[in-house]
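> What follows is run30.cif, mmCIF, C-alpha atoms.
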```cif
data_structure
#
loop_
_atom_site.group_PDB
_atom_site.id
_atom_site.type_symbol
_atom_site.label_atom_id
_atom_site.label_comp_id
_atom_site.auth_asym_id
_atom_site.auth_seq_id
_atom_site.Cartn_x
_atom_site.Cartn_y
_atom_site.Cartn_z
ATOM 1 C CA MET A 26 14.655 -32.004 -15.600
ATOM 2 C CA ARG A 27 18.333 -32.357 -14.940
ATOM 3 C CA ILE A 28 19.505 -34.245 -11.857
ATOM 4 C CA LEU A 29 22.723 -34.094 -9.910
ATOM 5 C CA GLY A 30 23.477 -36.233 -6.919
ATOM 6 C CA ILE A 31 25.196 -34.808 -3.871
ATOM 7 C CA ALA A 32 26.983 -37.912 -2.642
ATOM 8 C CA GLY A 33 29.341 -38.793 0.161
ATOM 9 C CA TYR A 34 29.512 -40.557 3.471
ATOM 10 C CA SER A 35 27.678 -39.489 6.612
ATOM 11 C CA GLY A 36 29.326 -36.500 8.251
ATOM 12 C CA SER A 37 30.957 -35.207 5.055
ATOM 13 C CA GLY A 38 28.720 -32.132 4.835
ATOM 14 C CA LYS A 39 26.201 -33.091 2.145
ATOM 15 C CA THR A 40 23.189 -31.519 3.823
ATOM 16 C CA THR A 41 25.126 -28.373 4.722
ATOM 17 C CA LEU A 42 26.213 -28.006 1.098
ATOM 18 C CA VAL A 43 22.716 -28.652 -0.276
ATOM 19 C CA THR A 44 21.140 -26.053 2.037
ATOM 20 C CA LYS A 45 23.718 -23.492 0.887
ATOM 21 C CA LEU A 46 23.501 -24.463 -2.793
ATOM 22 C CA ILE A 47 19.727 -24.155 -3.074
ATOM 23 C CA PRO A 48 19.574 -20.374 -2.486
ATOM 24 C CA ALA A 49 22.709 -19.839 -4.624
ATOM 25 C CA LEU A 50 21.075 -21.687 -7.524
ATOM 26 C CA ILE A 51 17.765 -19.872 -7.041
ATOM 27 C CA GLU A 52 19.658 -16.552 -7.156
ATOM 28 C CA ARG A 53 20.919 -17.667 -10.574
ATOM 29 C CA GLY A 54 17.303 -18.028 -11.733
ATOM 30 C CA LEU A 55 16.868 -21.788 -11.410
ATOM 31 C CA THR A 56 13.989 -23.711 -9.940
ATOM 32 C CA VAL A 57 15.315 -26.453 -7.675
ATOM 33 C CA SER A 58 13.793 -29.480 -5.982
ATOM 34 C CA THR A 59 15.481 -32.095 -3.833
ATOM 35 C CA ILE A 60 15.144 -35.765 -3.083
ATOM 36 C CA LYS A 61 16.714 -37.032 0.121
ATOM 37 C CA HIS A 62 17.354 -40.721 0.691
ATOM 38 C CA ALA A 63 17.141 -41.950 4.274
ATOM 39 C CA HIS A 64 18.768 -45.214 5.324
ATOM 40 C CA HIS A 65 16.557 -45.588 8.373
ATOM 41 C CA ALA A 66 12.931 -45.428 9.369
ATOM 42 C CA PHE A 67 11.658 -41.872 9.530
ATOM 43 C CA ASP A 68 8.363 -40.156 10.095
ATOM 44 C CA VAL A 69 7.132 -36.844 8.739
ATOM 45 C CA ASP A 70 3.864 -36.940 10.618
ATOM 46 C CA THR A 71 2.957 -36.363 14.260
ATOM 47 C CA PRO A 72 1.230 -39.009 16.358
ATOM 48 C CA GLY A 73 -2.252 -37.909 17.263
ATOM 49 C CA LYS A 74 -2.770 -35.762 14.152
ATOM 50 C CA ASP A 75 -5.549 -36.795 11.783
ATOM 51 C CA SER A 76 -3.165 -37.576 8.914
ATOM 52 C CA TYR A 77 -1.072 -39.795 11.185
ATOM 53 C CA GLU A 78 -4.197 -41.632 12.318
ATOM 54 C CA HIS A 79 -5.305 -42.130 8.685
ATOM 55 C CA ARG A 80 -1.915 -43.638 7.818
ATOM 56 C CA LYS A 81 -1.831 -45.750 10.988
ATOM 57 C CA ALA A 82 -5.305 -47.063 10.147
ATOM 58 C CA GLY A 83 -3.915 -48.487 6.900
ATOM 59 C CA ALA A 84 -4.277 -45.872 4.172
ATOM 60 C CA THR A 85 -1.724 -46.401 1.414
ATOM 61 C CA GLU A 86 -1.491 -42.666 0.719
ATOM 62 C CA VAL A 87 -2.457 -39.650 2.777
ATOM 63 C CA LEU A 88 -2.424 -36.205 1.205
ATOM 64 C CA VAL A 89 -2.502 -33.228 3.560
ATOM 65 C CA SER A 90 -3.277 -29.805 2.142
ATOM 66 C CA SER A 91 -3.430 -26.262 3.455
ATOM 67 C CA ALA A 92 -3.204 -22.757 2.029
ATOM 68 C CA GLN A 93 0.600 -22.840 2.410
ATOM 69 C CA ARG A 94 1.563 -26.357 1.204
ATOM 70 C CA TRP A 95 0.536 -29.902 0.513
ATOM 71 C CA ALA A 96 2.308 -33.136 1.315
ATOM 72 C CA LEU A 97 1.739 -36.671 0.131
ATOM 73 C CA MET A 98 2.779 -39.571 2.339
ATOM 74 C CA HIS A 99 2.935 -43.013 0.788
ATOM 75 C CA GLU A 100 3.305 -46.184 2.838
ATOM 76 C CA HIS A 101 5.046 -49.100 1.116
ATOM 77 C CA ARG A 102 3.052 -51.612 3.175
ATOM 78 C CA GLY A 103 5.565 -54.354 2.353
ATOM 79 C CA ALA A 104 6.233 -53.326 -1.258
ATOM 80 C CA ALA A 105 9.782 -52.681 -2.421
ATOM 81 C CA GLU A 106 11.303 -49.237 -1.998
ATOM 82 C CA PRO A 107 10.854 -47.279 -5.243
ATOM 83 C CA GLY A 108 13.923 -46.467 -7.296
ATOM 84 C CA LEU A 109 15.201 -42.984 -7.949
ATOM 85 C CA ASP A 110 13.645 -42.844 -11.444
ATOM 86 C CA GLU A 111 10.200 -43.624 -10.040
ATOM 87 C CA LEU A 112 10.557 -40.932 -7.385
ATOM 88 C CA LEU A 113 11.764 -38.390 -9.941
ATOM 89 C CA ASP A 114 8.614 -39.084 -11.991
ATOM 90 C CA ARG A 115 6.519 -37.914 -9.014
ATOM 91 C CA LEU A 116 8.100 -34.445 -8.885
ATOM 92 C CA ALA A 117 6.683 -31.370 -10.566
ATOM 93 C CA PRO A 118 8.983 -30.112 -13.341
ATOM 94 C CA VAL A 119 11.887 -27.892 -12.269
ATOM 95 C CA ASP A 120 15.221 -26.931 -13.803
ATOM 96 C CA LEU A 121 17.322 -29.054 -11.463
ATOM 97 C CA VAL A 122 16.797 -31.811 -8.898
ATOM 98 C CA LEU A 123 19.520 -32.262 -6.297
ATOM 99 C CA VAL A 124 19.564 -35.832 -5.019
ATOM 100 C CA GLU A 125 21.116 -36.259 -1.589
ATOM 101 C CA GLY A 126 22.004 -39.858 -0.957
ATOM 102 C CA TRP A 127 21.953 -42.741 -3.417
ATOM 103 C CA LYS A 128 25.749 -42.534 -3.407
ATOM 104 C CA PHE A 129 25.989 -45.732 -5.442
ATOM 105 C CA GLY A 130 23.244 -44.831 -7.936
ATOM 106 C CA ASP A 131 23.771 -44.593 -11.687
ATOM 107 C CA HIS A 132 23.354 -40.833 -12.059
ATOM 108 C CA PRO A 133 25.811 -37.914 -12.204
ATOM 109 C CA LYS A 134 27.143 -36.936 -8.792
ATOM 110 C CA LEU A 135 29.068 -34.210 -7.061
ATOM 111 C CA GLU A 136 31.013 -35.938 -4.321
ATOM 112 C CA VAL A 137 31.404 -34.244 -0.942
ATOM 113 C CA PHE A 138 34.610 -35.518 0.623
ATOM 114 C CA ARG A 139 36.322 -34.713 3.901
ATOM 115 C CA GLN A 140 39.366 -36.738 4.859
ATOM 116 C CA SER A 141 38.477 -36.292 8.549
ATOM 117 C CA VAL A 142 35.395 -38.522 8.077
ATOM 118 C CA GLY A 143 37.749 -41.475 7.640
ATOM 119 C CA LYS A 144 35.933 -43.031 4.679
ATOM 120 C CA PRO A 145 37.295 -43.639 1.177
ATOM 121 C CA MET A 146 36.719 -41.327 -1.739
ATOM 122 C CA LEU A 147 33.923 -42.508 -4.078
ATOM 123 C CA ALA A 148 35.322 -41.008 -7.289
ATOM 124 C CA PRO A 149 38.103 -43.513 -8.019
ATOM 125 C CA ASP A 150 35.533 -46.322 -8.307
ATOM 126 C CA ASP A 151 32.504 -44.356 -9.561
ATOM 127 C CA LYS A 152 32.664 -42.922 -13.079
ATOM 128 C CA GLN A 153 29.416 -41.008 -12.385
ATOM 129 C CA VAL A 154 31.252 -38.615 -10.038
ATOM 130 C CA VAL A 155 31.743 -35.474 -12.142
ATOM 131 C CA ALA A 156 33.482 -33.316 -9.502
ATOM 132 C CA ILE A 157 34.525 -33.333 -5.861
ATOM 133 C CA ALA A 158 33.754 -30.632 -3.298
ATOM 134 C CA THR A 159 36.464 -31.114 -0.705
ATOM 135 C CA ASP A 160 38.766 -29.518 1.824
ATOM 136 C CA LEU A 161 41.741 -31.336 0.246
ATOM 137 C CA GLN A 162 44.140 -29.103 -1.666
ATOM 138 C CA GLU A 163 44.788 -31.716 -4.382
ATOM 139 C CA LEU A 164 43.009 -34.745 -5.785
ATOM 140 C CA PRO A 165 44.979 -37.975 -6.155
ATOM 141 C CA ASP A 166 45.229 -38.860 -9.870
ATOM 142 C CA LEU A 167 41.662 -37.893 -10.783
ATOM 143 C CA ALA A 168 40.793 -36.039 -13.969
ATOM 144 C CA ILE A 169 37.717 -34.327 -12.546
ATOM 145 C CA PRO A 170 37.306 -30.843 -11.101
ATOM 146 C CA ARG A 171 38.224 -30.201 -7.465
ATOM 147 C CA LEU A 172 35.970 -27.588 -5.853
ATOM 148 C CA ASP A 173 36.637 -25.890 -2.545
ATOM 149 C CA ILE A 174 33.926 -27.172 -0.214
ATOM 150 C CA ASP A 175 33.639 -23.713 1.378
ATOM 151 C CA ASP A 176 33.231 -21.808 -1.925
ATOM 152 C CA VAL A 177 29.499 -22.213 -2.508
ATOM 153 C CA ASP A 178 29.458 -19.667 -5.340
ATOM 154 C CA ALA A 179 32.086 -21.622 -7.292
ATOM 155 C CA ILE A 180 30.206 -24.866 -6.653
ATOM 156 C CA ALA A 181 26.931 -23.259 -7.797
ATOM 157 C CA ASP A 182 28.652 -21.971 -10.953
ATOM 158 C CA PHE A 183 29.942 -25.480 -11.649
ATOM 159 C CA VAL A 184 26.495 -27.009 -11.078
ATOM 160 C CA VAL A 185 24.821 -24.515 -13.427
ATOM 161 C CA GLU A 186 27.431 -25.121 -16.131
ATOM 162 C CA TYR A 187 27.430 -28.890 -15.680
ATOM 163 C CA ALA A 188 23.663 -29.190 -15.689
ATOM 164 C CA LYS A 189 23.411 -26.771 -18.632
ATOM 165 C CA VAL A 190 20.144 -25.445 -17.311
#
```
Show me this structure written as structure tokens.

Amino acid sequence: MRILGIAGYSGSGKTTLVTKLIPALIERGLTVSTIKHAHHAFDVDTPGKDSYEHRKAGATEVLVSSAQRWALMHEHRGAAEPGLDELLDRLAPVDLVLVEGWKFGDHPKLEVFRQSVGKPMLAPDDKQVVAIATDLQELPDLAIPRLDIDDVDAIADFVVEYAKV
């Protein structure tokens, strides 16, 4: 499996880009999975549901299955957060995994940058950034591709070529 991070600061448009890229990559014949890193507590279960009650009671893992999907919830219960490599090992094989978050991880990344967010560009200090999707017309002294953040087809073409899937 090839991985490509979609990295940038909050409000830059990472999730918007990922949700547009997925169907564009699927149209090109790729299978795509995603991993999303959250910097805060989150819950994917509903209080009162059986699976929530199992987890609340202390189960380390709760797997919920139906005819349409299955989901596995794993509670750390005080253990360290797993690294990206460990999480990738849990995924079923696909052509490409888009990783949203982990902006400082040691994996190839497509940076999403909007000057209006008011945060610095990652690329000058991160050699793992392979391209920037941005609304800027020019990149300051960077020898990496600049992609128009609104041209999803061009970004998808770049991702397919870069990932060589």
> Which is closer to Thr44 of chain A than all the others in A:Asp151, A:Val87, A:Ala181, A:Met98, using all atoms listed in the file?
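Using all atoms listed in the file, Thr44 of chain A sits closest to A:Ala181.
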> What's the 10 Å shell around Lys61 of chain A, counting only C-alpha atoms, without same-chain residues fewer than 4 positions away, as a ChimeraX atom specification?
/A:30-31,40,123-127
> For the selection just defined, write its residues with C-alpha atoms to a file, as an mmCIF file, in the frame of the given file.

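Below you can see out-v4.cif, which holds the result:
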```cif
data_model
loop_
_atom_site.group_PDB
_atom_site.id
_atom_site.type_symbol
_atom_site.label_atom_id
_atom_site.label_comp_id
_atom_site.auth_asym_id
_atom_site.auth_seq_id
_atom_site.Cartn_x
_atom_site.Cartn_y
_atom_site.Cartn_z
ATOM 1 C CA GLY A 30 23.477 -36.233 -6.919
ATOM 2 C CA ILE A 31 25.196 -34.808 -3.871
ATOM 3 C CA THR A 40 23.189 -31.519 3.823
ATOM 4 C CA LEU A 123 19.520 -32.262 -6.297
ATOM 5 C CA VAL A 124 19.564 -35.832 -5.019
ATOM 6 C CA GLU A 125 21.116 -36.259 -1.589
ATOM 7 C CA GLY A 126 22.004 -39.858 -0.957
ATOM 8 C CA TRP A 127 21.953 -42.741 -3.417
#
```
> Would you translate the PyMOL selection byres ((chain A and resi 80) around 12) into the concrete set of residues it matches in this file, as a PyMOL selection string?
chain A and resi 68-79+81-89+97-102
> Residues near Ala117 of chain A, anyone? I mean within 12 Å using all atoms listed in the file, not counting same-chain ones fewer than 6 positions away, as a list in words.
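Selected residues are Met26, Thr56, Val57, Ser58 and Thr59 of chain A.
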> What would the selection look like, as a JSON list (two decimals) with C-alpha atoms, in the coordinates of the input, if the PyMOL selection byres ((chain A and resi 148) around 12) were run on the coordinates I just shared?

```json
[["chain", "number", "residue", "atom", "x", "y", "z"],
["A", 32, "ALA", "CA", 26.98, -37.91, -2.64],
["A", 33, "GLY", "CA", 29.34, -38.79, 0.16],
["A", 128, "LYS", "CA", 25.75, -42.53, -3.41],
["A", 129, "PHE", "CA", 25.99, -45.73, -5.44],
["A", 133, "PRO", "CA", 25.81, -37.91, -12.20],
["A", 134, "LYS", "CA", 27.14, -36.94, -8.79],
["A", 135, "LEU", "CA", 29.07, -34.21, -7.06],
["A", 136, "GLU", "CA", 31.01, -35.94, -4.32],
["A", 137, "VAL", "CA", 31.40, -34.24, -0.94],
["A", 138, "PHE", "CA", 34.61, -35.52, 0.62],
["A", 145, "PRO", "CA", 37.30, -43.64, 1.18],
["A", 146, "MET", "CA", 36.72, -41.33, -1.74],
["A", 147, "LEU", "CA", 33.92, -42.51, -4.08],
["A", 149, "PRO", "CA", 38.10, -43.51, -8.02],
["A", 150, "ASP", "CA", 35.53, -46.32, -8.31],
["A", 151, "ASP", "CA", 32.50, -44.36, -9.56],
["A", 152, "LYS", "CA", 32.66, -42.92, -13.08],
["A", 153, "GLN", "CA", 29.42, -41.01, -12.38],
["A", 154, "VAL", "CA", 31.25, -38.62, -10.04],
["A", 155, "VAL", "CA", 31.74, -35.47, -12.14],
["A", 156, "ALA", "CA", 33.48, -33.32, -9.50],
["A", 157, "ILE", "CA", 34.52, -33.33, -5.86],
["A", 158, "ALA", "CA", 33.75, -30.63, -3.30],
["A", 159, "THR", "CA", 36.46, -31.11, -0.70],
["A", 164, "LEU", "CA", 43.01, -34.74, -5.78],
["A", 165, "PRO", "CA", 44.98, -37.98, -6.16],
["A", 166, "ASP", "CA", 45.23, -38.86, -9.87],
["A", 167, "LEU", "CA", 41.66, -37.89, -10.78],
["A", 168, "ALA", "CA", 40.79, -36.04, -13.97],
["A", 169, "ILE", "CA", 37.72, -34.33, -12.55],
["A", 170, "PRO", "CA", 37.31, -30.84, -11.10],
["A", 171, "ARG", "CA", 38.22, -30.20, -7.46]]
```
> Could you write out as a list in words the residues that the PyMOL selection byres ((chain A and resi 27) around 8) matches in the shown file?
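With the shown file as input, the PyMOL selection byres ((chain A and resi 27) around 8) matches Met26, Ile28, Leu29, Asp120, Leu121, Val122, Ala188 and Val190 of chain A.
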> Using Å and a single decimal, report how far atom CA of Ala179 of chain A sits from atom CA of Gln140 of chain A.
20.7 Å
> Measuring atom to atom with only C-alpha atoms, identify which of A:Lys144, A:Arg139, A:His62, A:His132 is nearest to Pro107 of chain A.
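Answer, going by the shortest atom-to-atom distance: A:His62.
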> Between A:Ala92, A:Ala63, A:Ser141, A:Val184, which one has atoms that come closest to Glu106 of chain A, using only C-alpha atoms?
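The shortest atom-to-atom distance to Glu106 of chain A comes from A:Ala63.
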> Just how far from atom CA of Val119 of chain A is atom CA of Leu46 of chain A, in Å to one decimal?
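Taking atom CA of Leu46 of chain A and atom CA of Val119 of chain A, their separation equals 15.4 Å.
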> Pick the closest to Val43 of chain A from A:Asp131, A:Leu55, A:Ile174, A:Tyr187: which is it, counting all atoms listed in the file?
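Selected residue with least distance to Val43 of chain A: A:Ile174.
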> One decimal, Å: what's the distance from atom CA of Pro118 of chain A over to atom CA of Pro48 of chain A, could you say?
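It comes out at 18.0 Å.
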